[in-house]
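Accompanying notes for the structure given below.
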Amino acid sequence: MIFNTMKKEFTISLFTEHHIGILNQVTIIFTRRQINIESIAASASAVKGIHKLTIVVNTTEDMIGKVQRHLEKLIDVLKVFVHTNDEIIYQEIALYKVQTTEIMKSNKIESIVRSSNARFLEITPEYVVIEKTGHKQDTTDLLNKLDPYGVLQFVRSGRVAITKQT
Amino acid sequence: MAKTIKKEKITGAKALLYSLIEENVNTIFGYPGGAIMPIYNELYDIEDNKLNHILTRHEQGAAHAAQAYAMVTGKTGVCFATSGPGATNLVTGIANAFLDSVPVIFITAQVTSTLIGSDAFQETDILGISMPVTKWNYQITQAEEIPKIISKAFYIAGSGRPGPVLIDITKDAQMQTLAFNYQKCTHLRSYNPNIPLNPADIESAAILINHARKPLILAGHGILLSKAEKELMAFVEKTGIPVASTLLGLSAFPAKHPLYAGLLGMHGNYGPNIKTNEADLLIAIGMRFDDRVTGDLKRYATNANIIHIEIDKSELSKNVEVDIEIHGDAKEVLKALIDQVNANSYPEWLSGFKSCNKIEANKVIKQECYPSHGKIRMGEIVNLISEKTLGEAIIITDVGQHQMATARYYKFNNPNSLITSGGLGTMGFGLPAAVGAKIGKPNVPVIAFIGDGGFQMTIQELGTILQYKLPVKIIILNNNFLGMVRQWQDMFFDKRYASTELVNPDFIKIAEGFDISASRVIERETLEISIDEMLACEKSYLLEIMVEKEGNIFPMIEPGSSVSEIKLC
Ligand SMILES: Cc1ncc(C[n+]2csc(CCOP(=O)(O)OP(=O)(O)O)c2C)c(N)n1
Ligand SMILES: [Mg+2]
């Protein structure tokens with residue numbers, strides 16, 4: 001049997017019971033197979049009492065199928081969906097912290113923020129916090145643009161995703 | 001729905017025991033300690049005929065005994081251990097039950113809930129430790145949760161693909177009180193073990209079966225777990241398809257049946273391995289294409305369509321890409337299939353198996369089971385015992401060459417009569433498993449074949465045999481070596497016997513210390529008479545048999561080889 005060894009990005013949505021340790025049960029299935037989790041988000045789902053985990057990984061088609069079946073086997077997991085990026089609407093949120101003095105020097109940062117569809121979340125005498133939602137590429141682009149002005153802190157959330165299929 | 005309500009409040013510890021009684025448990029294997037003392041304290045008040053506690057000599061022993069008990073009785077086994085080292089000592093036993101899909105409930109005690117996370121005395125994160133090797137685990141910190149969680153544990157352990165469940169109960173939860181109210185769990189929204197059959201799959205499988213010219217059944221442990229032996233027999237007798245067995249599938253189909261083709265895998269029989277790559281259809285039932293069965297996957301089942309009948313969806317197309325996946329319980333699937341398959345026979349295909357058997361008999365079995373000179377061989381011992389017990393005993397093995405010799409040469413006649421460690425290959429499994437099997441089936445002879453190495457891994461369970469006067473028969477096949485490892489050193493590491501030769505104690509003297517009758521056989525002349533003596537003895541008996549030191553188990557599919565490259569010598 002020849003397995004396809006091409007890796008690509010998959011978004012896994014798990015609906016689970018909201019039990020202590022569920023995250024641990026889920027992540028060891030990836031660890032065992034040497035799959036790194038690129039991002040992870042946990043939240044309530046549209047159904048009361050059911051939790052939703054969104055996990056992004058890079059792996060092969062064959063492997064993701066096995067992982068999906070193994071995840072579904074977990075007693076506290078209700079359902080597992082695996083999607084490629086073209087099947088979902090997804091977003092990540094990124095925050096950037098920049099020194100206020102940098103902003104004062106010119107209006108360059110302001111125009112970067114505006115043209116990137118980002119916004120100022122907080123402005124204090126010492127620092128400003130910029131917020132941008134988008135795909136990883138978008139938030140990375142903004143990071144690169146702000147970099148020359150000194151980004152003090154940068155953080156990006158896990159992916160949240162909703163399927164296009166109705 | 002069975003429902004029990006008691007008015008007066010009882011402790012969590014008592015509620016646990018009452019819950020076990022509600023689940024029809026009457027035997028517990030375990031070992032006490034600080035954190036679990038409230039449970040043992042309540043156990044003291046419960047009559048032995050309701051809950052019989054077997055005190056092993058090590059928690060690993062309790063775990064293996066509970067598993068063997070479950071395997072011979074078809075019930076869910078129960079095992080107790082205290083927190084910390086008690087719980088960690090279970091881990092090998094839990095993993096063993098997990099890999100071989102045996103339902104066992106492990107109850108571990110935990111330190112008081114307020115101390116959790118403080119590195120309190122004998123605190124370990126047994127949930128974290130056992131997570132990868134349990135079907136489910138849970139920590140109870142409130143007494144009220146006990147009945148509900150225990151019923152859930154039994155439901156999960158015993159349904160679908162069975163497996164071990166660990167429930168960790170804090171000491172304060174054991175001591176708090178609650179109004180006991182027991183309701184059997186019959187449904188969970190996140191877990192559905194009852195899989196509806198897909199008629200289209202059954203139909204397409206039947207078509208493949210009816211058109212096959214060289215079909216072969218691969219029977220696995222799933223047949224025994226789903227109690228589908230009768231359905232398998234009916235299916236086989238109607239279709240005339242030969243049956244090969246995995247190690248854990250042994251005893252699901254009687255070895256003396258004319259359509260029994262033998263053992264699959266690394267040290268299996270010549271015919272079923274060779275024929276795997278000649279077959280045009282493999283019908284795999286309740287087995288998981290373990291690498292010890294398949295050899296090199298790229299050259300496995302090269303001419304065959306494959307139908308895989310399996311209750312665990314994650315096993316379907318995991319190792320081998322199959323043509324028809326039938327997700328379902330073996331018993332249900334076979335029942336549905338029987339009506340749709342044609343009565344048939346395959347005389348030519350079967351005669352090919354017979355020729356293979358002749359080759360194997362000449363090249364391997366004759367020398368192994370009927371030698372006329374040289375040191376005693378493992379095969380002749382197993383063969384003798386098989387004949388003398390008419391294949392009716394419950395056979396236990398440890399892990400190593402003696403295990404393979406037993407699997408190859410004992411002719412199992414009754415379901416669930418081989419108790420062995422398959423997936424994990426746990427040395428030290430044999431002796432405690434014999435304890436559990438004997439307690440589960442006191443009226444059936446229990447004979448354990450154990451190596452001189454593995455015997456010393458759980459030798460302390462002789463104490464359990466002594467205390468409960470268990471009439472188990474222990475046969476040590478003594479080659480003064482970690483034989484299976486030595487065989488690999490012989491074959492693949494230029495005979496460099498690094499740390500495999502054993503200097504052994506006097507096993508006879510040891511047995512005597514435990515009040516177990518014992519004798520040693522060195523010469524072939526006294527072999528049969530000693531075996532007769534052992535079998536006639538009504539108490540426990542240890543028979544040490546000195547065997548060929550450097551005997552190798554053949555046939556063998558070497559690692560990386562294909563099933564069709566199986567070697568006879
Ligand atoms: C707990 C454990 N440790 C190590 C091994 C590796 N191992 C497999 S077979 C074997 C040798 C067993 O020797 P013995 O019990 O004397 O049986 P024999 O092969 O000689 O029949 C060893 C060390 C194992 N299976 N389990
Ligand atoms: Mg040995």
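Here's how to read the names in the structure tokens: chain A, B, ... by the order shown, residue numbers from 1 in each chain, ligand numbers from 1 in the order shown.
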Within 6 Å of ligand 1, counting only C-alpha atoms and all ligand atoms: which residues, as a PyMOL selection string?
-> chain B and resi 399-402+425-427+451-454+479+481-485
List as a tab-separated table every residue of chain B that is in contact with chain A, defined as an atom at most 10 Å from one of its atoms (using only C-alpha atoms), together with the nearest atom pair and the distance in Å rounded to one decimal, sorted by chain and then rising number.
residue	atom	partner	partner_atom	distance
B:Leu127	CA	A:Gly21	CA	8.5
B:Gly128	CA	A:Asn24	CA	7.9
B:Met131	CA	A:Gln25	CA	6.7
B:Pro132	CA	A:Ile28	CA	7.3
B:Lys135	CA	A:Ile75	CA	7.4
B:Trp136	CA	A:Ile75	CA	6.5
B:Asn137	CA	A:Ile75	CA	9.5
B:Tyr138	CA	A:Ile20	CA	8.7
B:Gln139	CA	A:Ile20	CA	9.1
B:Ile156	CA	A:Ile75	CA	8.1
B:Leu188	CA	A:Ile75	CA	8.8
B:Arg189	CA	A:Leu78	CA	7.3
B:Ser190	CA	A:Leu78	CA	4.4
B:Tyr191	CA	A:Ile75	CA	5.5
B:Asn192	CA	A:Ile75	CA	8.9
B:Leu297	CA	A:Met1	CA	7.1
B:Lys298	CA	A:Met1	CA	5.4
B:Arg299	CA	A:Met1	CA	8.3
B:Tyr300	CA	A:Met1	CA	9.0
B:Thr302	CA	A:Met1	CA	9.9
B:Asp312	CA	A:Lys73	CA	8.0
B:Lys313	CA	A:Arg69	CA	6.6
B:Ser314	CA	A:Arg69	CA	4.8
B:Glu315	CA	A:Arg69	CA	8.4
B:Leu316	CA	A:Arg69	CA	9.1
B:Ser317	CA	A:Lys66	CA	8.4
B:Lys318	CA	A:Lys66	CA	6.6
B:Asn319	CA	A:Met1	CA	9.4
B:Val320	CA	A:Met1	CA	7.7
B:Glu321	CA	A:Met1	CA	7.3
Output C-alpha atoms for every residue in the selection just made, as a short mmCIF file (atom, residue, chain, number, x, y, z; two decimals), in the first residue's frame.
data_model
loop_
_atom_site.label_atom_id
_atom_site.label_comp_id
_atom_site.auth_asym_id
_atom_site.auth_seq_id
_atom_site.Cartn_x
_atom_site.Cartn_y
_atom_site.Cartn_z
CA LEU B 127 -5.59 9.88 35.51
CA GLY B 128 -2.83 11.47 33.46
CA MET B 131 -5.20 8.08 30.01
CA PRO B 132 -3.41 6.57 26.98
CA LYS B 135 -10.91 3.21 27.34
CA TRP B 136 -12.12 5.84 29.81
CA ASN B 137 -11.05 7.20 33.16
CA TYR B 138 -12.54 9.53 35.73
CA GLN B 139 -11.80 10.97 39.14
CA ILE B 156 -18.25 1.65 28.88
CA LEU B 188 -24.47 7.92 26.80
CA ARG B 189 -24.95 10.73 24.34
CA SER B 190 -21.27 10.85 23.40
CA TYR B 191 -20.80 7.08 22.95
CA ASN B 192 -22.90 4.66 20.97
CA LEU B 297 2.39 -4.70 4.79
CA LYS B 298 3.51 -3.86 1.26
CA ARG B 299 3.56 -7.53 0.42
CA TYR B 300 0.52 -8.63 2.41
CA THR B 302 -1.18 -9.48 -2.53
CA ASP B 312 -13.96 -0.46 16.35
CA LYS B 313 -14.20 1.95 13.46
CA SER B 314 -10.69 3.26 14.07
CA GLU B 315 -9.29 -0.18 13.21
CA LEU B 316 -10.88 -0.16 9.77
CA SER B 317 -8.26 0.63 7.14
CA LYS B 318 -5.79 1.53 9.91
CA ASN B 319 -3.04 -0.87 8.88
CA VAL B 320 -4.43 -2.48 5.76
CA GLU B 321 -6.58 -0.76 3.16
#
Please, which residues of segment 72-162 of chain A, numbered as in this document, come out helix (DSSP H, G or I) from DSSP, as a PyMOL selection string?
-> chain A and resi 72-73+85-87+100-105+108-115+136-149
Please write the residues from the selection above to a file, keeping N, CA, C and O atoms, as a short mmCIF file (atom, residue, chain, number, x, y, z; two decimals), in the first residue's frame.
data_model
loop_
_atom_site.label_atom_id
_atom_site.label_comp_id
_atom_site.auth_asym_id
_atom_site.auth_seq_id
_atom_site.Cartn_x
_atom_site.Cartn_y
_atom_site.Cartn_z
N GLU A 72 -12.81 10.23 17.44
CA GLU A 72 -14.23 9.88 17.60
C GLU A 72 -14.42 8.73 18.57
O GLU A 72 -15.47 8.59 19.18
N LYS A 73 -13.36 7.92 18.70
CA LYS A 73 -13.43 6.78 19.61
C LYS A 73 -13.44 7.23 21.08
O LYS A 73 -13.92 6.50 21.94
N ASN A 85 -8.96 24.07 4.23
CA ASN A 85 -9.22 25.51 4.38
C ASN A 85 -10.31 26.04 3.45
O ASN A 85 -11.00 27.00 3.78
N ASP A 86 -10.46 25.40 2.27
CA ASP A 86 -11.48 25.90 1.34
C ASP A 86 -12.90 25.57 1.76
O ASP A 86 -13.85 26.05 1.17
N GLU A 87 -13.03 24.73 2.81
CA GLU A 87 -14.37 24.32 3.22
C GLU A 87 -14.91 25.14 4.40
O GLU A 87 -16.02 24.92 4.85
N THR A 100 4.01 54.18 22.36
CA THR A 100 3.24 55.35 21.93
C THR A 100 4.14 56.41 21.28
O THR A 100 3.75 57.06 20.31
N THR A 101 5.36 56.54 21.77
CA THR A 101 6.29 57.52 21.19
C THR A 101 6.51 57.29 19.71
O THR A 101 6.68 58.22 18.92
N GLU A 102 6.50 56.00 19.32
CA GLU A 102 6.68 55.66 17.90
C GLU A 102 5.54 56.22 17.06
O GLU A 102 5.74 56.66 15.94
N ILE A 103 4.35 56.14 17.62
CA ILE A 103 3.16 56.60 16.89
C ILE A 103 3.23 58.12 16.71
O ILE A 103 2.83 58.67 15.68
N MET A 104 3.75 58.78 17.74
CA MET A 104 3.80 60.24 17.73
C MET A 104 4.75 60.77 16.67
O MET A 104 4.56 61.86 16.15
N LYS A 105 5.79 59.98 16.34
CA LYS A 105 6.83 60.46 15.42
C LYS A 105 6.27 60.82 14.04
O LYS A 105 6.68 61.78 13.43
N LYS A 108 2.72 57.27 10.06
CA LYS A 108 2.91 56.05 9.27
C LYS A 108 2.19 54.85 9.89
O LYS A 108 1.51 54.10 9.19
N ILE A 109 2.34 54.70 11.20
CA ILE A 109 1.69 53.55 11.86
C ILE A 109 0.19 53.64 11.68
O ILE A 109 -0.47 52.65 11.37
N GLU A 110 -0.31 54.83 11.85
CA GLU A 110 -1.76 55.01 11.71
C GLU A 110 -2.24 54.59 10.33
O GLU A 110 -3.27 53.93 10.19
N SER A 111 -1.48 54.93 9.32
CA SER A 111 -1.93 54.57 7.97
C SER A 111 -1.77 53.07 7.71
O SER A 111 -2.57 52.46 7.02
N ILE A 112 -0.73 52.47 8.31
CA ILE A 112 -0.59 51.00 8.19
C ILE A 112 -1.81 50.33 8.81
O ILE A 112 -2.42 49.44 8.23
N VAL A 113 -2.16 50.80 10.00
CA VAL A 113 -3.29 50.20 10.72
C VAL A 113 -4.56 50.33 9.88
O VAL A 113 -5.32 49.39 9.71
N ARG A 114 -4.77 51.50 9.33
CA ARG A 114 -5.99 51.73 8.56
C ARG A 114 -6.00 50.87 7.30
O ARG A 114 -6.96 50.18 7.01
N SER A 115 -4.86 50.87 6.58
CA SER A 115 -4.84 50.13 5.32
C SER A 115 -4.88 48.61 5.55
O SER A 115 -5.21 47.85 4.65
N LYS A 136 -3.81 33.79 9.09
CA LYS A 136 -2.45 33.88 9.60
C LYS A 136 -1.59 34.78 8.72
O LYS A 136 -0.81 35.60 9.22
N GLN A 137 -1.77 34.66 7.41
CA GLN A 137 -0.97 35.45 6.49
C GLN A 137 -1.18 36.95 6.72
O GLN A 137 -0.23 37.74 6.76
N ASP A 138 -2.45 37.35 6.91
CA ASP A 138 -2.79 38.76 7.11
C ASP A 138 -2.17 39.31 8.39
O ASP A 138 -1.61 40.40 8.42
N THR A 139 -2.31 38.54 9.46
CA THR A 139 -1.80 39.04 10.74
C THR A 139 -0.27 39.04 10.74
O THR A 139 0.35 39.87 11.38
N THR A 140 0.31 38.11 9.98
CA THR A 140 1.77 38.09 9.86
C THR A 140 2.26 39.28 9.03
O THR A 140 3.26 39.92 9.37
N ASP A 141 1.53 39.59 7.96
CA ASP A 141 1.88 40.75 7.13
C ASP A 141 1.92 42.02 7.96
O ASP A 141 2.84 42.83 7.86
N LEU A 142 0.91 42.19 8.80
CA LEU A 142 0.85 43.39 9.64
C LEU A 142 2.03 43.42 10.61
O LEU A 142 2.64 44.46 10.84
N LEU A 143 2.35 42.23 11.14
CA LEU A 143 3.48 42.15 12.06
C LEU A 143 4.76 42.63 11.36
O LEU A 143 5.53 43.41 11.92
N ASN A 144 4.94 42.18 10.13
CA ASN A 144 6.13 42.58 9.38
C ASN A 144 6.16 44.08 9.13
O ASN A 144 7.22 44.71 9.19
N LYS A 145 4.97 44.64 8.86
CA LYS A 145 4.91 46.08 8.59
C LYS A 145 5.19 46.91 9.84
O LYS A 145 5.77 47.99 9.77
N LEU A 146 4.76 46.39 10.99
CA LEU A 146 4.95 47.14 12.24
C LEU A 146 6.35 46.94 12.81
O LEU A 146 6.82 47.73 13.62
N ASP A 147 6.98 45.87 12.38
CA ASP A 147 8.26 45.48 12.94
C ASP A 147 9.29 46.61 13.02
O ASP A 147 9.93 46.80 14.05
N PRO A 148 9.45 47.41 11.94
CA PRO A 148 10.45 48.49 11.98
C PRO A 148 10.20 49.50 13.11
O PRO A 148 11.12 50.20 13.52
N TYR A 149 8.98 49.56 13.60
CA TYR A 149 8.67 50.54 14.66
C TYR A 149 8.77 49.94 16.06
O TYR A 149 8.44 50.58 17.05
#
For segment 127-132 of chain A: contacts at 6 Å, only C-alpha atoms, fewer than 4 positions along chain excluded, given as a list of chain:residue names = A:Ile93, A:Ala94, A:Leu95, A:Tyr96, A:Lys97, A:Val98, A:Gln99, A:Thr100, A:Ala118, A:Arg119, A:Phe120, A:Leu121, A:Glu122, A:Ile123
Would you put the residues from that selection into a file with N, CA and C atoms, as an mmCIF file, in the first residue's frame?
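So the final result, stored in again_33.cif, reads:
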data_model
loop_
_atom_site.group_PDB
_atom_site.id
_atom_site.type_symbol
_atom_site.label_atom_id
_atom_site.label_comp_id
_atom_site.auth_asym_id
_atom_site.auth_seq_id
_atom_site.Cartn_x
_atom_site.Cartn_y
_atom_site.Cartn_z
ATOM 1 N N ILE A 93 -7.349 36.034 15.683
ATOM 2 C CA ILE A 93 -7.226 37.424 16.120
ATOM 3 C C ILE A 93 -5.805 37.632 16.626
ATOM 4 N N ALA A 94 -5.220 38.776 16.232
ATOM 5 C CA ALA A 94 -3.852 39.056 16.680
ATOM 6 C C ALA A 94 -3.813 40.414 17.380
ATOM 7 N N LEU A 95 -2.984 40.515 18.394
ATOM 8 C CA LEU A 95 -2.791 41.783 19.115
ATOM 9 C C LEU A 95 -1.312 42.165 19.018
ATOM 10 N N TYR A 96 -1.071 43.490 18.850
ATOM 11 C CA TYR A 96 0.296 44.001 18.724
ATOM 12 C C TYR A 96 0.449 45.152 19.689
ATOM 13 N N LYS A 97 1.554 45.161 20.416
ATOM 14 C CA LYS A 97 1.797 46.269 21.348
ATOM 15 C C LYS A 97 2.993 47.081 20.835
ATOM 16 N N VAL A 98 2.758 48.402 20.667
ATOM 17 C CA VAL A 98 3.798 49.291 20.133
ATOM 18 C C VAL A 98 3.924 50.492 21.061
ATOM 19 N N GLN A 99 5.140 51.032 21.156
ATOM 20 C CA GLN A 99 5.363 52.204 22.018
ATOM 21 C C GLN A 99 4.626 53.436 21.470
ATOM 22 N N THR A 100 4.012 54.182 22.358
ATOM 23 C CA THR A 100 3.241 55.354 21.927
ATOM 24 C C THR A 100 4.142 56.411 21.275
ATOM 25 N N ALA A 118 -6.980 46.998 10.409
ATOM 26 C CA ALA A 118 -6.794 46.723 11.836
ATOM 27 C C ALA A 118 -7.379 47.896 12.610
ATOM 28 N N ARG A 119 -7.283 47.870 13.934
ATOM 29 C CA ARG A 119 -7.794 49.020 14.698
ATOM 30 C C ARG A 119 -7.000 49.173 15.991
ATOM 31 N N PHE A 120 -7.079 50.371 16.544
ATOM 32 C CA PHE A 120 -6.460 50.602 17.849
ATOM 33 C C PHE A 120 -7.427 50.134 18.918
ATOM 34 N N LEU A 121 -6.952 49.233 19.744
ATOM 35 C CA LEU A 121 -7.818 48.661 20.775
ATOM 36 C C LEU A 121 -7.697 49.480 22.048
ATOM 37 N N GLU A 122 -6.487 49.972 22.299
ATOM 38 C CA GLU A 122 -6.221 50.665 23.552
ATOM 39 C C GLU A 122 -5.083 51.652 23.289
ATOM 40 N N ILE A 123 -5.232 52.858 23.789
ATOM 41 C CA ILE A 123 -4.152 53.832 23.652
ATOM 42 C C ILE A 123 -3.848 54.407 25.024
#
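From atom CA of Asp48 of chain B back to atom CA of Ile146 of chain B, the distance works out to 22.2 Å.
DSSP on the backbone gives strand (DSSP E or B) for these parts of segment 83-152 of chain A: His83, Thr84, Ile88, Ile89, Tyr90, Gln91, Glu92, Ile93, Ala94, Leu95, Tyr96, Lys97, Val98, Gln99, Arg119, Phe120, Leu121, Glu122, Ile123, Tyr127, Val128, Val129, Ile130, Glu131, Lys132, Thr133, Gly134, Val151 and Leu152 of chain A.
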Residues just named, written with N, CA and C atoms as a JSON list (two decimals), in the first residue's frame:
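again.json was written with the following content:
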[["chain", "number", "residue", "atom", "x", "y", "z"],
["A", 83, "HIS", "N", -11.77, 19.51, 8.17],
["A", 83, "HIS", "CA", -11.98, 20.34, 6.99],
["A", 83, "HIS", "C", -10.66, 20.85, 6.44],
["A", 84, "THR", "N", -10.64, 21.00, 5.12],
["A", 84, "THR", "CA", -9.53, 21.73, 4.51],
["A", 84, "THR", "C", -9.93, 23.20, 4.48],
["A", 88, "ILE", "N", -14.09, 26.06, 4.90],
["A", 88, "ILE", "CA", -14.49, 26.76, 6.12],
["A", 88, "ILE", "C", -14.26, 28.27, 6.02],
["A", 89, "ILE", "N", -15.02, 29.00, 6.83],
["A", 89, "ILE", "CA", -14.74, 30.41, 7.08],
["A", 89, "ILE", "C", -14.01, 30.43, 8.40],
["A", 90, "TYR", "N", -12.82, 31.01, 8.42],
["A", 90, "TYR", "CA", -12.09, 30.97, 9.67],
["A", 90, "TYR", "C", -11.34, 32.27, 9.91],
["A", 91, "GLN", "N", -11.06, 32.51, 11.15],
["A", 91, "GLN", "CA", -10.38, 33.73, 11.56],
["A", 91, "GLN", "C", -9.50, 33.45, 12.76],
["A", 92, "GLU", "N", -8.46, 34.29, 12.81],
["A", 92, "GLU", "CA", -7.67, 34.32, 14.03],
["A", 92, "GLU", "C", -7.59, 35.77, 14.41],
["A", 93, "ILE", "N", -7.35, 36.03, 15.68],
["A", 93, "ILE", "CA", -7.23, 37.42, 16.12],
["A", 93, "ILE", "C", -5.80, 37.63, 16.63],
["A", 94, "ALA", "N", -5.22, 38.78, 16.23],
["A", 94, "ALA", "CA", -3.85, 39.06, 16.68],
["A", 94, "ALA", "C", -3.81, 40.41, 17.38],
["A", 95, "LEU", "N", -2.98, 40.51, 18.39],
["A", 95, "LEU", "CA", -2.79, 41.78, 19.12],
["A", 95, "LEU", "C", -1.31, 42.17, 19.02],
["A", 96, "TYR", "N", -1.07, 43.49, 18.85],
["A", 96, "TYR", "CA", 0.30, 44.00, 18.72],
["A", 96, "TYR", "C", 0.45, 45.15, 19.69],
["A", 97, "LYS", "N", 1.55, 45.16, 20.42],
["A", 97, "LYS", "CA", 1.80, 46.27, 21.35],
["A", 97, "LYS", "C", 2.99, 47.08, 20.84],
["A", 98, "VAL", "N", 2.76, 48.40, 20.67],
["A", 98, "VAL", "CA", 3.80, 49.29, 20.13],
["A", 98, "VAL", "C", 3.92, 50.49, 21.06],
["A", 99, "GLN", "N", 5.14, 51.03, 21.16],
["A", 99, "GLN", "CA", 5.36, 52.20, 22.02],
["A", 99, "GLN", "C", 4.63, 53.44, 21.47],
["A", 119, "ARG", "N", -7.28, 47.87, 13.93],
["A", 119, "ARG", "CA", -7.79, 49.02, 14.70],
["A", 119, "ARG", "C", -7.00, 49.17, 15.99],
["A", 120, "PHE", "N", -7.08, 50.37, 16.54],
["A", 120, "PHE", "CA", -6.46, 50.60, 17.85],
["A", 120, "PHE", "C", -7.43, 50.13, 18.92],
["A", 121, "LEU", "N", -6.95, 49.23, 19.74],
["A", 121, "LEU", "CA", -7.82, 48.66, 20.77],
["A", 121, "LEU", "C", -7.70, 49.48, 22.05],
["A", 122, "GLU", "N", -6.49, 49.97, 22.30],
["A", 122, "GLU", "CA", -6.22, 50.67, 23.55],
["A", 122, "GLU", "C", -5.08, 51.65, 23.29],
["A", 123, "ILE", "N", -5.23, 52.86, 23.79],
["A", 123, "ILE", "CA", -4.15, 53.83, 23.65],
["A", 123, "ILE", "C", -3.85, 54.41, 25.02],
["A", 127, "TYR", "N", 1.91, 53.03, 25.70],
["A", 127, "TYR", "CA", 1.84, 52.07, 24.58],
["A", 127, "TYR", "C", 0.47, 52.09, 23.94],
["A", 128, "VAL", "N", 0.41, 51.55, 22.73],
["A", 128, "VAL", "CA", -0.89, 51.32, 22.09],
["A", 128, "VAL", "C", -1.01, 49.83, 21.76],
["A", 129, "VAL", "N", -2.25, 49.36, 21.77],
["A", 129, "VAL", "CA", -2.50, 47.98, 21.37],
["A", 129, "VAL", "C", -3.34, 47.99, 20.11],
["A", 130, "ILE", "N", -2.83, 47.30, 19.09],
["A", 130, "ILE", "CA", -3.51, 47.21, 17.80],
["A", 130, "ILE", "C", -4.12, 45.82, 17.68],
["A", 131, "GLU", "N", -5.31, 45.76, 17.14],
["A", 131, "GLU", "CA", -5.99, 44.47, 16.98],
["A", 131, "GLU", "C", -6.27, 44.22, 15.51],
["A", 132, "LYS", "N", -6.01, 42.99, 15.09],
["A", 132, "LYS", "CA", -6.38, 42.62, 13.71],
["A", 132, "LYS", "C", -6.93, 41.21, 13.69],
["A", 133, "THR", "N", -8.03, 41.03, 13.02],
["A", 133, "THR", "CA", -8.52, 39.66, 12.78],
["A", 133, "THR", "C", -8.29, 39.33, 11.32],
["A", 134, "GLY", "N", -8.07, 38.05, 11.05],
["A", 134, "GLY", "CA", -7.83, 37.63, 9.68],
["A", 134, "GLY", "C", -7.18, 36.27, 9.67],
["A", 151, "VAL", "N", 7.86, 46.21, 17.75],
["A", 151, "VAL", "CA", 6.68, 45.57, 18.34],
["A", 151, "VAL", "C", 7.11, 44.98, 19.69],
["A", 152, "LEU", "N", 6.51, 45.50, 20.77],
["A", 152, "LEU", "CA", 6.90, 45.05, 22.12],
["A", 152, "LEU", "C", 6.34, 43.66, 22.43]]
Any idea what's packed within 9 Å of His51 of chain A, counting only C-alpha atoms, ignoring anything in its chain fewer than 5 positions away? Could you give it as a list in words?
-> Leu14, Phe15, Thr16, Glu17, His18, Ala42, Ser43, Ala44, Ser45 and Ala46 of chain A
Which neighbours of segment 54-66 of chain B fall inside 10 Å, counting only C-alpha atoms, when residues of the same chain fewer than 6 positions from it are skipped, and could you give them as a PyMOL selection string?
-> chain B and resi 27-32+76-82+85-97+102-106+421+426+428-440+458-465+467-468
Residue with the minimum atom-to-atom distance to ligand 2, picked from B:Val341, B:Ile450, B:Ile167, B:Ile557 with only C-alpha atoms and all ligand atoms counted, is B:Ile450
Need to verify the contact set: Leu99 of chain B, 8 Å, only C-alpha atoms, exclusion of same-chain residues closer than 5 positions in sequence. Can you return it as a JSON list (two decimals) with N, CA and C atoms, in the first residue's frame?
[["chain", "number", "residue", "atom", "x", "y", "z"],
["B", 133, "VAL", "N", -3.90, 4.46, 28.12],
["B", 133, "VAL", "CA", -4.08, 3.00, 28.14],
["B", 133, "VAL", "C", -5.42, 2.60, 28.77],
["B", 422, "GLY", "N", -1.30, -10.81, 24.47],
["B", 422, "GLY", "CA", -1.07, -10.68, 23.04],
["B", 422, "GLY", "C", -0.42, -9.37, 22.65],
["B", 423, "GLY", "N", -1.20, -8.31, 22.67],
["B", 423, "GLY", "CA", -0.75, -7.02, 22.17],
["B", 423, "GLY", "C", 0.44, -6.44, 22.91],
["B", 424, "LEU", "N", 0.44, -6.57, 24.21],
["B", 424, "LEU", "CA", 1.54, -5.97, 24.98],
["B", 424, "LEU", "C", 2.69, -6.95, 25.16]]
Residue neighbourhood Gly379 of chain B, 6 Å, only C-alpha atoms, exclusion window fewer than 5 positions, as a ChimeraX atom specification = /B:368-369,405
